[in-house]
file my_file31.pdb (PDB, C-alpha atoms)
ATOM      1  CA  MET A   1      77.268 110.970  92.113
ATOM      2  CA  THR A   2      74.219 109.695  93.958
ATOM      3  CA  SER A   3      71.403 107.251  93.364
ATOM      4  CA  VAL A   4      69.001 110.043  92.322
ATOM      5  CA  LYS A   5      71.189 112.788  90.815
ATOM      6  CA  GLU A   6      73.516 112.785  87.829
ATOM      7  CA  PHE A   7      76.594 114.954  87.964
ATOM      8  CA  ARG A   8      78.265 116.953  85.187
ATOM      9  CA  VAL A   9      81.711 118.495  85.522
ATOM     10  CA  GLU A  10      82.467 121.460  83.259
ATOM     11  CA  GLU A  11      85.600 122.620  85.057
ATOM     12  CA  ALA A  12      87.176 120.518  87.777
ATOM     13  CA  ALA A  13      87.993 121.962  91.195
ATOM     14  CA  THR A  14      91.613 122.252  92.306
ATOM     15  CA  PRO A  15      93.141 122.827  95.748
ATOM     16  CA  GLU A  16      93.211 126.562  94.933
ATOM     17  CA  ARG A  17      89.855 127.172  93.230
ATOM     18  CA  LEU A  18      86.289 125.954  92.888
ATOM     19  CA  GLY A  19      85.165 124.275  89.701
ATOM     20  CA  ARG A  20      81.950 124.506  87.694
ATOM     21  CA  GLY A  21      79.328 121.869  86.996
ATOM     22  CA  ALA A  22      75.696 120.863  87.372
ATOM     23  CA  PHE A  23      73.318 118.422  88.993
ATOM     24  CA  ARG A  24      70.761 116.732  86.754
ATOM     25  CA  PHE A  25      67.860 115.481  88.833
ATOM     26  CA  THR A  26      66.413 112.143  87.781
ATOM     27  CA  ASP A  27      63.060 110.606  88.700
ATOM     28  CA  ASP A  28      64.810 107.769  90.555
ATOM     29  CA  TYR A  29      64.340 107.346  94.288
ATOM     30  CA  SER A  30      66.097 105.560  97.139
ATOM     31  CA  VAL A  31      64.896 104.315 100.530
ATOM     32  CA  PHE A  32      66.676 102.534 103.414
ATOM     33  CA  ASP A  33      70.065 103.460 101.859
ATOM     34  CA  TRP A  34      69.437 100.878  99.122
ATOM     35  CA  GLY A  35      70.428 103.068  96.215
ATOM     36  CA  LYS A  36      68.446 103.215  92.987
ATOM     37  CA  MET A  37      65.087 101.462  93.374
ATOM     38  CA  PRO A  38      63.318  99.538  90.569
ATOM     39  CA  ASP A  39      60.879 102.350  89.681
ATOM     40  CA  GLU A  40      60.863 106.020  88.763
ATOM     41  CA  ILE A  41      58.462 108.627  90.182
ATOM     42  CA  PRO A  42      57.466 110.929  87.287
ATOM     43  CA  GLY A  43      58.179 114.607  87.943
ATOM     44  CA  LYS A  44      60.112 113.940  91.121
ATOM     45  CA  GLY A  45      63.473 115.168  89.815
ATOM     46  CA  ALA A  46      62.138 118.491  88.570
ATOM     47  CA  ALA A  47      60.239 119.043  91.833
ATOM     48  CA  LEU A  48      63.436 118.579  93.849
ATOM     49  CA  CYS A  49      65.402 120.821  91.499
ATOM     50  CA  ALA A  50      62.873 123.657  91.745
ATOM     51  CA  MET A  51      62.513 123.450  95.527
ATOM     52  CA  GLY A  52      66.273 123.289  96.002
ATOM     53  CA  ALA A  53      66.810 126.273  93.733
ATOM     54  CA  ALA A  54      64.181 128.329  95.573
ATOM     55  CA  ASN A  55      65.814 127.590  98.916
ATOM     56  CA  PHE A  56      69.317 128.385  97.708
ATOM     57  CA  GLU A  57      68.110 131.721  96.370
ATOM     58  CA  LEU A  58      66.467 132.521  99.720
ATOM     59  CA  LEU A  59      69.654 131.571 101.582
ATOM     60  CA  GLU A  60      71.748 133.813  99.356
ATOM     61  CA  GLU A  61      69.306 136.678  99.980
ATOM     62  CA  ASP A  62      69.813 136.111 103.723
ATOM     63  CA  GLY A  63      73.579 136.293 103.330
ATOM     64  CA  LEU A  64      74.403 132.582 103.633
ATOM     65  CA  PRO A  65      76.962 131.535 100.979
ATOM     66  CA  THR A  66      76.113 128.466  98.883
ATOM     67  CA  HIS A  67      77.461 126.615  95.866
ATOM     68  CA  TYR A  68      74.324 127.428  93.807
ATOM     69  CA  ARG A  69      74.595 129.371  90.527
ATOM     70  CA  GLY A  70      71.105 129.020  89.034
ATOM     71  CA  VAL A  71      68.929 126.577  87.097
ATOM     72  CA  VAL A  72      69.788 125.540  83.545
ATOM     73  CA  VAL A  73      67.187 126.471  80.919
ATOM     74  CA  GLU A  74      68.021 125.760  77.270
ATOM     75  CA  GLY A  75      71.710 125.814  78.083
ATOM     76  CA  GLU A  76      71.597 129.104  79.990
ATOM     77  CA  VAL A  77      72.019 129.558  83.748
ATOM     78  CA  VAL A  78      69.138 131.686  85.055
ATOM     79  CA  PRO A  79      67.276 132.395  88.319
ATOM     80  CA  LEU A  80      64.349 130.076  89.042
ATOM     81  CA  GLU A  81      61.771 132.785  88.361
ATOM     82  CA  GLU A  82      62.903 132.878  84.722
ATOM     83  CA  ALA A  83      62.124 129.182  84.244
ATOM     84  CA  ALA A  84      58.763 128.859  82.488
ATOM     85  CA  ARG A  85      58.861 125.059  82.749
ATOM     86  CA  PRO A  86      60.048 122.800  85.554
ATOM     87  CA  PRO A  87      63.875 122.709  85.429
ATOM     88  CA  ARG A  88      65.828 119.489  85.798
ATOM     89  CA  GLU A  89      69.360 120.893  86.007
ATOM     90  CA  MET A  90      70.999 123.086  88.645
ATOM     91  CA  ALA A  91      74.309 124.850  87.996
ATOM     92  CA  ILE A  92      76.718 124.698  90.932
ATOM     93  CA  ASP A  93      80.269 125.458  92.004
ATOM     94  CA  LEU A  94      82.320 122.319  92.550
ATOM     95  CA  THR A  95      84.694 121.421  95.322
ATOM     96  CA  GLN A  96      87.023 118.474  95.829
ATOM     97  CA  VAL A  97      85.861 115.100  97.133
ATOM     98  CA  PRO A  98      88.970 113.066  97.951
ATOM     99  CA  ALA A  99      88.823 109.308  98.398
ATOM    100  CA  LEU A 100      88.140 108.109 101.938
ATOM    101  CA  PRO A 101      90.389 105.045 102.425
ATOM    102  CA  HIS A 102      89.134 102.332 104.740
ATOM    103  CA  GLU A 103      89.735  98.806 105.933
ATOM    104  CA  GLY A 104      86.378  97.286 106.764
ATOM    105  CA  ARG A 105      84.670  99.976 108.836
ATOM    106  CA  ASP A 106      87.872 101.735 109.888
ATOM    107  CA  TYR A 107      87.924 104.986 107.859
ATOM    108  CA  ASP A 108      91.058 107.122 107.424
ATOM    109  CA  TYR A 109      89.892 110.730 107.699
ATOM    110  CA  ASP A 110      93.470 111.946 108.122
ATOM    111  CA  ALA A 111      94.211 110.743 104.589
ATOM    112  CA  PHE A 112      91.011 112.393 103.329
ATOM    113  CA  HIS A 113      92.019 115.786 104.724
ATOM    114  CA  ALA A 114      95.643 115.460 103.654
ATOM    115  CA  ALA A 115      94.371 115.170 100.081
ATOM    116  CA  ALA A 116      91.646 117.810 100.528
ATOM    117  CA  GLY A 117      93.719 120.759 101.701
ATOM    118  CA  GLY A 118      91.481 123.810 102.058
ATOM    119  CA  ASN A 119      88.900 123.032  99.381
ATOM    120  CA  TYR A 120      86.644 120.040 100.071
ATOM    121  CA  LEU A 121      83.151 118.724 100.658
ATOM    122  CA  ILE A 122      82.875 118.260 104.414
ATOM    123  CA  PRO A 123      82.326 114.517 105.007
ATOM    124  CA  LEU A 124      79.381 115.067 107.352
ATOM    125  CA  GLU A 125      75.625 115.364 107.182
ATOM    126  CA  ILE A 126      74.253 117.967 109.586
ATOM    127  CA  VAL A 127      70.792 116.847 110.688
ATOM    128  CA  PHE A 128      68.171 119.115 112.282
ATOM    129  CA  ARG A 129      64.957 117.953 113.916
ATOM    130  CA  ASN A 130      61.843 119.912 114.839
ATOM    131  CA  THR A 131      59.759 116.846 115.699
ATOM    132  CA  VAL A 132      60.437 113.287 116.806
ATOM    133  CA  PRO A 133      58.232 110.833 114.880
ATOM    134  CA  VAL A 134      57.526 107.304 116.011
ATOM    135  CA  GLY A 135      60.446 105.149 114.944
ATOM    136  CA  SER A 136      62.943 108.019 114.922
ATOM    137  CA  SER A 137      66.467 106.925 115.785
ATOM    138  CA  LEU A 138      66.652 109.900 118.160
ATOM    139  CA  ARG A 139      64.441 107.974 120.601
ATOM    140  CA  SER A 140      67.084 105.278 120.896
ATOM    141  CA  ARG A 141      69.832 107.792 121.626
ATOM    142  CA  GLY A 142      68.230 109.617 124.541
ATOM    143  CA  ASP A 143      65.271 110.103 126.851
ATOM    144  CA  PRO A 144      62.674 112.856 126.288
ATOM    145  CA  ALA A 145      64.194 114.937 129.097
ATOM    146  CA  ASP A 146      67.513 115.009 127.214
ATOM    147  CA  PHE A 147      65.796 117.083 124.536
ATOM    148  CA  GLY A 148      63.844 119.477 126.748
ATOM    149  CA  LEU A 149      60.613 117.460 126.947
ATOM    150  CA  ASP A 150      58.732 117.105 130.224
ATOM    151  CA  ARG A 151      58.083 113.381 129.786
ATOM    152  CA  GLU A 152      59.496 110.241 131.318
ATOM    153  CA  ALA A 153      59.013 108.094 128.226
ATOM    154  CA  TRP A 154      58.529 108.632 124.503
ATOM    155  CA  PRO A 155      54.828 108.678 123.511
ATOM    156  CA  ASP A 156      53.286 106.456 120.857
ATOM    157  CA  GLU A 157      52.807 109.424 118.534
ATOM    158  CA  PRO A 158      55.014 112.129 117.024
ATOM    159  CA  VAL A 159      56.116 114.835 119.440
ATOM    160  CA  ALA A 160      57.228 118.410 118.713
ATOM    161  CA  LEU A 161      60.517 119.528 120.230
ATOM    162  CA  PRO A 162      60.634 122.778 122.242
ATOM    163  CA  GLU A 163      63.845 123.700 120.381
ATOM    164  CA  PRO A 164      65.350 122.176 117.229
ATOM    165  CA  VAL A 165      67.965 119.494 117.798
ATOM    166  CA  VAL A 166      71.105 119.437 115.605
ATOM    167  CA  GLU A 167      73.133 116.246 115.143
ATOM    168  CA  PHE A 168      76.050 115.121 112.987
ATOM    169  CA  SER A 169      76.344 111.894 111.015
ATOM    170  CA  THR A 170      78.844 110.446 108.574
ATOM    171  CA  LYS A 171      78.396 110.978 104.853
ATOM    172  CA  TYR A 172      80.810 108.710 102.982
ATOM    173  CA  GLU A 173      80.788 105.606 105.145
ATOM    174  CA  GLU A 174      78.832 102.656 103.767
ATOM    175  CA  SER A 175      76.442 102.779 106.735
ATOM    176  CA  ASP A 176      75.705 106.176 108.253
ATOM    177  CA  ARG A 177      76.371 106.583 111.968
ATOM    178  CA  TYR A 178      75.681 109.427 114.366
ATOM    179  CA  LEU A 179      78.682 111.099 115.939
ATOM    180  CA  SER A 180      79.624 112.824 119.152
ATOM    181  CA  ARG A 181      80.356 116.503 118.751
ATOM    182  CA  GLU A 182      84.066 115.820 119.340
ATOM    183  CA  GLU A 183      84.229 113.141 116.641
ATOM    184  CA  ALA A 184      82.272 115.332 114.219
ATOM    185  CA  ASP A 185      84.728 118.173 114.829
ATOM    186  CA  ARG A 186      87.638 115.885 113.983
ATOM    187  CA  ILE A 187      85.972 114.559 110.832
ATOM    188  CA  ALA A 188      85.074 118.112 109.698
ATOM    189  CA  GLY A 189      88.759 118.997 109.325
ATOM    190  CA  ARG A 190      89.387 122.730 109.041
ATOM    191  CA  ALA A 191      85.667 123.490 109.258
ATOM    192  CA  SER A 192      84.193 124.230 112.683
ATOM    193  CA  VAL A 193      81.238 122.200 113.974
ATOM    194  CA  ALA A 194      80.039 125.371 115.714
ATOM    195  CA  ASP A 195      79.787 127.066 112.316
ATOM    196  CA  LEU A 196      78.100 124.017 110.811
ATOM    197  CA  GLU A 197      75.520 123.931 113.595
ATOM    198  CA  SER A 198      74.827 127.663 113.284
ATOM    199  CA  ILE A 199      74.302 127.360 109.520
ATOM    200  CA  ALA A 200      72.045 124.325 109.964
ATOM    201  CA  ARG A 201      69.857 126.237 112.407
ATOM    202  CA  GLU A 202      69.554 129.154 109.979
ATOM    203  CA  VAL A 203      68.629 126.815 107.118
ATOM    204  CA  ASN A 204      66.098 125.028 109.313
ATOM    205  CA  ALA A 205      64.458 128.311 110.332
ATOM    206  CA  LEU A 206      64.203 129.498 106.712
ATOM    207  CA  VAL A 207      62.728 126.228 105.412
ATOM    208  CA  THR A 208      60.325 126.005 108.376
ATOM    209  CA  GLU A 209      59.018 129.525 107.694
ATOM    210  CA  ARG A 210      58.651 128.919 103.975
ATOM    211  CA  ALA A 211      56.857 125.609 104.586
ATOM    212  CA  ALA A 212      54.435 127.185 107.052
ATOM    213  CA  ALA A 213      53.451 129.790 104.464
ATOM    214  CA  ALA A 214      52.488 126.896 102.145
ATOM    215  CA  GLY A 215      50.489 125.072 104.829
ATOM    216  CA  LEU A 216      53.242 122.502 105.357
ATOM    217  CA  THR A 217      54.873 121.433 108.619
ATOM    218  CA  HIS A 218      58.645 121.068 108.410
ATOM    219  CA  GLU A 219      59.619 118.133 110.617
ATOM    220  CA  ASP A 220      63.309 117.502 109.993
ATOM    221  CA  GLY A 221      66.043 117.626 107.395
ATOM    222  CA  LYS A 222      69.749 117.856 106.718
ATOM    223  CA  ILE A 223      72.373 119.915 104.977
ATOM    224  CA  GLU A 224      75.799 119.262 103.527
ATOM    225  CA  CYS A 225      78.502 121.903 103.270
ATOM    226  CA  LEU A 226      81.779 122.599 101.545
ATOM    227  CA  TYR A 227      84.831 124.361 102.935
ATOM    228  CA  PHE A 228      86.760 126.756 100.711
ATOM    229  CA  ASP A 229      89.123 129.633 101.374
ATOM    230  CA  GLY A 230      88.342 129.616 105.103
ATOM    231  CA  GLU A 231      84.547 129.743 104.551
ATOM    232  CA  VAL A 232      81.758 127.196 104.973
ATOM    233  CA  ARG A 233      79.190 127.206 102.150
ATOM    234  CA  VAL A 234      75.922 125.264 101.908
ATOM    235  CA  ALA A 235      76.178 122.569  99.230
ATOM    236  CA  ASP A 236      74.281 119.615  97.726
ATOM    237  CA  VAL A 237      70.518 120.413  97.808
ATOM    238  CA  VAL A 238      68.465 122.025 100.572
ATOM    239  CA  GLY A 239      64.869 121.733 101.753
ATOM    240  CA  THR A 240      63.361 119.219  99.336
ATOM    241  CA  PHE A 241      60.986 116.295  99.801
ATOM    242  CA  ASP A 242      63.993 113.939  99.751
ATOM    243  CA  GLU A 243      66.371 115.787 102.082
ATOM    244  CA  ASN A 244      63.637 116.870 104.515
ATOM    245  CA  ARG A 245      60.386 115.583 105.971
ATOM    246  CA  PHE A 246      57.256 117.686 105.574
ATOM    247  CA  SER A 247      53.650 116.979 106.451
ATOM    248  CA  TYR A 248      50.291 118.482 105.522
ATOM    249  CA  ASP A 249      47.365 118.055 107.891
ATOM    250  CA  GLY A 250      49.157 115.144 109.521
ATOM    251  CA  GLN A 251      49.989 113.354 106.253
ATOM    252  CA  GLN A 252      53.591 112.972 105.146
ATOM    253  CA  VAL A 253      54.498 114.918 101.992
ATOM    254  CA  SER A 254      57.967 113.545 101.296
ATOM    255  CA  LYS A 255      59.895 110.428 100.399
ATOM    256  CA  GLU A 256      58.610 109.073 103.709
ATOM    257  CA  VAL A 257      55.350 108.115 101.935
ATOM    258  CA  VAL A 258      57.007 105.484  99.741
ATOM    259  CA  ARG A 259      59.338 104.490 102.578
ATOM    260  CA  GLN A 260      56.382 103.663 104.823
ATOM    261  CA  TYR A 261      54.606 101.904 101.929
ATOM    262  CA  HIS A 262      57.578  99.557 101.593
ATOM    263  CA  LYS A 263      57.519  98.882 105.336
ATOM    264  CA  ARG A 264      53.846  97.885 105.121
ATOM    265  CA  GLU A 265      53.817  96.030 101.810
ATOM    266  CA  GLN A 266      57.353  94.646 101.523
ATOM    267  CA  PRO A 267      58.275  93.891 105.147
ATOM    268  CA  GLU A 268      60.410  90.884 104.175
ATOM    269  CA  TRP A 269      62.723  93.110 102.123
ATOM    270  CA  VAL A 270      62.855  95.794 104.835
ATOM    271  CA  GLU A 271      63.723  93.142 107.425
ATOM    272  CA  ALA A 272      66.384  91.681 105.124
ATOM    273  CA  VAL A 273      67.960  95.132 104.815
ATOM    274  CA  ALA A 274      68.046  95.512 108.599
ATOM    275  CA  ARG A 275      69.601  92.060 109.045
ATOM    276  CA  ALA A 276      72.217  92.765 106.385
ATOM    277  CA  LYS A 277      73.232  96.007 108.075
ATOM    278  CA  GLU A 278      73.553  94.262 111.439
ATOM    279  CA  GLU A 279      75.561  91.407 109.929
ATOM    280  CA  ALA A 280      77.856  93.828 108.096
ATOM    281  CA  GLU A 281      78.579  95.654 111.333
ATOM    282  CA  ALA A 282      79.270  92.406 113.186
ATOM    283  CA  ARG A 283      81.574  91.124 110.432
ATOM    284  CA  ASP A 284      83.253  94.521 109.795
ATOM    285  CA  VAL A 285      82.035  94.524 106.181
ATOM    286  CA  ALA A 286      81.742  97.976 104.604
ATOM    287  CA  ASP A 287      79.071  97.257 101.955
ATOM    288  CA  TRP A 288      76.073  95.685 103.675
ATOM    289  CA  ARG A 289      74.207  95.285 100.368
ATOM    290  CA  THR A 290      76.416  92.319  99.488
ATOM    291  CA  LEU A 291      74.875  90.517 102.475
ATOM    292  CA  CYS A 292      71.231  91.305 101.722
ATOM    293  CA  ALA A 293      69.247  88.214 100.729
ATOM    294  CA  ARG A 294      66.359  90.027  98.993
ATOM    295  CA  ASP A 295      65.806  92.768  96.423
ATOM    296  CA  PRO A 296      62.922  95.277  96.479
ATOM    297  CA  GLU A 297      59.916  94.689  94.253
ATOM    298  CA  PRO A 298      58.531  97.349  91.861
ATOM    299  CA  LEU A 299      55.692  99.537  93.138
ATOM    300  CA  PRO A 300      52.127  99.403  91.760
ATOM    301  CA  GLU A 301      51.259 102.049  89.179
ATOM    302  CA  GLY A 302      48.732 103.685  91.513
ATOM    303  CA  VAL A 303      51.369 104.191  94.197
ATOM    304  CA  LEU A 304      53.781 105.776  91.719
ATOM    305  CA  ARG A 305      51.028 108.072  90.432
ATOM    306  CA  ALA A 306      50.073 109.183  93.945
ATOM    307  CA  ALA A 307      53.721 109.798  94.841
ATOM    308  CA  SER A 308      54.229 111.785  91.644
ATOM    309  CA  ASP A 309      51.188 113.980  92.381
ATOM    310  CA  LEU A 310      52.446 114.543  95.920
ATOM    311  CA  TYR A 311      55.909 115.688  94.795
ATOM    312  CA  ARG A 312      54.556 118.007  92.093
ATOM    313  CA  ALA A 313      51.637 119.431  94.084
ATOM    314  CA  GLY A 314      53.863 119.904  97.136
ATOM    315  CA  ALA A 315      56.439 121.757  95.052
ATOM    316  CA  ASN A 316      53.745 124.090  93.665
ATOM    317  CA  ALA A 317      52.578 124.884  97.198
ATOM    318  CA  TYR A 318      56.105 125.437  98.490
ATOM    319  CA  LEU A 319      57.067 127.663  95.550
ATOM    320  CA  GLY A 320      53.815 129.614  95.610
ATOM    321  CA  ARG A 321      53.357 129.201  91.838
ATOM    322  CA  ASP A 322      51.813 126.645  89.474
ATOM    323  CA  LEU A 323      55.071 125.545  87.889
ATOM    324  CA  PHE A 324      53.914 121.908  87.670
ATOM    325  CA  ASP A 325      50.830 120.363  86.138
ATOM    326  CA  ALA A 326      49.460 118.863  89.339
ATOM    327  CA  PRO A 327      46.273 118.620  91.398
ATOM    328  CA  PRO A 328      45.803 120.849  94.457
ATOM    329  CA  LEU A 329      47.937 119.731  97.381
ATOM    330  CA  SER A 330      44.864 118.820  99.435
ATOM    331  CA  GLU A 331      43.753 116.340  96.750
ATOM    332  CA  ALA A 332      47.227 114.832  96.412
ATOM    333  CA  VAL A 333      47.414 114.422 100.187
ATOM    334  CA  GLU A 334      44.069 112.619 100.348
ATOM    335  CA  ALA A 335      45.190 110.194  97.639
ATOM    336  CA  ALA A 336      48.383 109.512  99.602
ATOM    337  CA  ARG A 337      46.364 108.782 102.757
ATOM    338  CA  GLU A 338      44.628 105.930 100.931
ATOM    339  CA  LEU A 339      47.829 104.110 100.030
TER     340      LEU A 339
END

call {"tool": "encode", "arguments": {"input": "my_file31.pdb", "output": "structure tokens"}}
result
Amino acid sequence: MTSVKEFRVEEAATPERLGRGAFRFTDDYSVFDWGKMPDEIPGKGAALCAMGAANFELLEEDGLPTHYRGVVVEGEVVPLEEAARPPREMAIDLTQVPALPHEGRDYDYDAFHAAAGGNYLIPLEIVFRNTVPVGSSLRSRGDPADFGLDREAWPDEPVALPEPVVEFSTKYEESDRYLSREEADRIAGRASVADLESIAREVNALVTERAAAAGLTHEDGKIECLYFDGEVRVADVVGTFDENRFSYDGQQVSKEVVRQYHKREQPEWVEAVARAKEEAEARDVADWRTLCARDPEPLPEGVLRAASDLYRAGANAYLGRDLFDAPPLSEAVEAAREL
């Protein structure tokens, strides 16, 4: 299904009912929309599974419907607290994901919704931001005053927003693009963007509170949702170190660590990715990877070890239990600073 999760279907969804299946979280990772990278980060998949499960259970307690059913332990679906070891599988309800026809970069969402009916994965990512880091695309889409900041220009350091900002971007297009509210509403089909925004703000608040209790700062993240029987439900995975950005004492504790390492140590590849995306847009080519002249190089063992410790230690802190064999988060963070 994705570059970092495997997908098992036990009972397929139909236009009238949800199906049953599971995510299996691998130790693969992806940066810059590349897809599966050359390396694996040990323990990463289980860390994401456990964090996602914890957040889904908190959302359900707060009355927000989700597609989560539990984690899979020895073939049984159980709550996370019953998992004595880090789980790698999450049981979920399944919805329909129709094909999205396109010619070049012209995508036919009318055809998508004609096939979807009233049971589908909404083809949007709903992004929420609590801070604006240096290099954030938000800076290119508006001035500080547009987001409630009393500044004339963006500073050369991260800045906290007075209120979270919610945006919508495409999910199934080869290159993600941010959307106006009107375009997002059209692409959402029967689902309401007002409902999607409200749910995103509730998820953001819950994850932010949980992170703060663990000593983490929740900077930004995203959700995906399904629409079924007139109701929007939170889907995919929520509040992990891949879907969201967290920091600890100013140090990133998320996929952003390896992303920034690639920018520093493999700038030629990062630049080739950027050029390929620009060329694909200019030539109306859907898959920019076919135009990329370079491939990423494997990471040094020390970088993979530090990233692994960060995922596992961060998950322990977020969960409030020593589910993973990992150093204290403060030690993992210091090792990441040295990369």

call {"tool": "residues_around", "arguments": {"input": "my_file31.pdb", "residues": "Asn316 (chain A)", "least_positions_apart": "6", "cutoff": "12 Å", "atoms": "all atoms listed in the file", "output": "list in words"}}
result
Gly43, Ala46, Ala47, Leu48, Ala50, Met51, Ala54, Pro86, Ala211, Ala214, Gly215, Leu216, Asp309, Leu310, Asp322, Leu323, Phe324, Asp325, Ala326, Pro327, Pro328, Leu329, Ser330 and Ala332 of chain A

call {"tool": "residues_around", "arguments": {"input": "my_file31.pdb", "residues": "Leu64 (chain A)", "least_positions_apart": "5", "cutoff": "8 Å", "atoms": "all atoms listed in the file", "output": "PyMOL selection string"}}
result
chain A and resi 59+199+233-234

call {"tool": "resolve_selection", "arguments": {"input": "my_file31.pdb", "expression": "the PyMOL selection byres ((chain A and resi 291-301) around 6)", "output": "ChimeraX atom specification"}}
result
/A:38-39,269,272-273,276,288-290,302-304

call {"tool": "closest_atom_pairs", "arguments": {"input": "my_file31.pdb", "of": "region 64-101 of chain A", "to": "region 7-19 of chain A", "cutoff": "6 Å", "atoms": "all atoms listed in the file", "output": "JSON lines"}}
result
{"residue": "A:Asp93", "atom": "CA", "partner": "A:Gly19", "partner_atom": "CA", "distance": 5.5}
{"residue": "A:Leu94", "atom": "CA", "partner": "A:Gly19", "partner_atom": "CA", "distance": 4.5}
{"residue": "A:Thr95", "atom": "CA", "partner": "A:Ala13", "partner_atom": "CA", "distance": 5.3}
{"residue": "A:Gln96", "atom": "CA", "partner": "A:Ala13", "partner_atom": "CA", "distance": 5.9}

call {"tool": "residues_around", "arguments": {"input": "my_file31.pdb", "residues": "Asp110 (chain A)", "least_positions_apart": "6", "cutoff": "12 Å", "atoms": "all atoms listed in the file", "output": "PyMOL selection string"}}
result
chain A and resi 98-102+116-117+123+186-190

call {"tool": "residues_near_point", "arguments": {"input": "my_file31.pdb", "point": "(83.9, 101.9, 112.9)", "cutoff": "12 Å", "atoms": "all atoms listed in the file", "output": "PyMOL selection string"}}
result
chain A and resi 102-109+170+173-179+183+280-286

call {"tool": "write_last_selection", "arguments": {"input": "my_file31.pdb", "atoms": "C-alpha atoms", "output": "mmCIF file, in the coordinates of the input"}}
result
data_model
loop_
_atom_site.group_PDB
_atom_site.id
_atom_site.type_symbol
_atom_site.label_atom_id
_atom_site.label_comp_id
_atom_site.auth_asym_id
_atom_site.auth_seq_id
_atom_site.Cartn_x
_atom_site.Cartn_y
_atom_site.Cartn_z
ATOM 1 C CA HIS A 102 89.134 102.332 104.740
ATOM 2 C CA GLU A 103 89.735 98.806 105.933
ATOM 3 C CA GLY A 104 86.378 97.286 106.764
ATOM 4 C CA ARG A 105 84.670 99.976 108.836
ATOM 5 C CA ASP A 106 87.872 101.735 109.888
ATOM 6 C CA TYR A 107 87.924 104.986 107.859
ATOM 7 C CA ASP A 108 91.058 107.122 107.424
ATOM 8 C CA TYR A 109 89.892 110.730 107.699
ATOM 9 C CA THR A 170 78.844 110.446 108.574
ATOM 10 C CA GLU A 173 80.788 105.606 105.145
ATOM 11 C CA GLU A 174 78.832 102.656 103.767
ATOM 12 C CA SER A 175 76.442 102.779 106.735
ATOM 13 C CA ASP A 176 75.705 106.176 108.253
ATOM 14 C CA ARG A 177 76.371 106.583 111.968
ATOM 15 C CA TYR A 178 75.681 109.427 114.366
ATOM 16 C CA LEU A 179 78.682 111.099 115.939
ATOM 17 C CA GLU A 183 84.229 113.141 116.641
ATOM 18 C CA ALA A 280 77.856 93.828 108.096
ATOM 19 C CA GLU A 281 78.579 95.654 111.333
ATOM 20 C CA ALA A 282 79.270 92.406 113.186
ATOM 21 C CA ARG A 283 81.574 91.124 110.432
ATOM 22 C CA ASP A 284 83.253 94.521 109.795
ATOM 23 C CA VAL A 285 82.035 94.524 106.181
ATOM 24 C CA ALA A 286 81.742 97.976 104.604
#

call {"tool": "closest_residue", "arguments": {"input": "my_file31.pdb", "among": "A:Gly52, A:Pro133, A:Gly148, A:Gly239", "to": "Leu206 (chain A)", "atoms": "only C-alpha atoms"}}
result
A:Gly239

call {"tool": "closest_residue", "arguments": {"input": "my_file31.pdb", "among": "A:Pro79, A:Gly70, A:Pro158, A:Pro65", "to": "Ile92 (chain A)", "atoms": "only C-alpha atoms"}}
result
A:Gly70

call {"tool": "closest_residue", "arguments": {"input": "my_file31.pdb", "among": "A:Val77, A:Glu167, A:Asp249, A:Glu265", "to": "Ala212 (chain A)", "atoms": "all atoms listed in the file"}}
result
A:Asp249

call {"tool": "closest_residue", "arguments": {"input": "my_file31.pdb", "among": "A:Ala114, A:Val237, A:Val159, A:Ala336", "to": "Arg24 (chain A)", "atoms": "all atoms listed in the file"}}
result
A:Val237
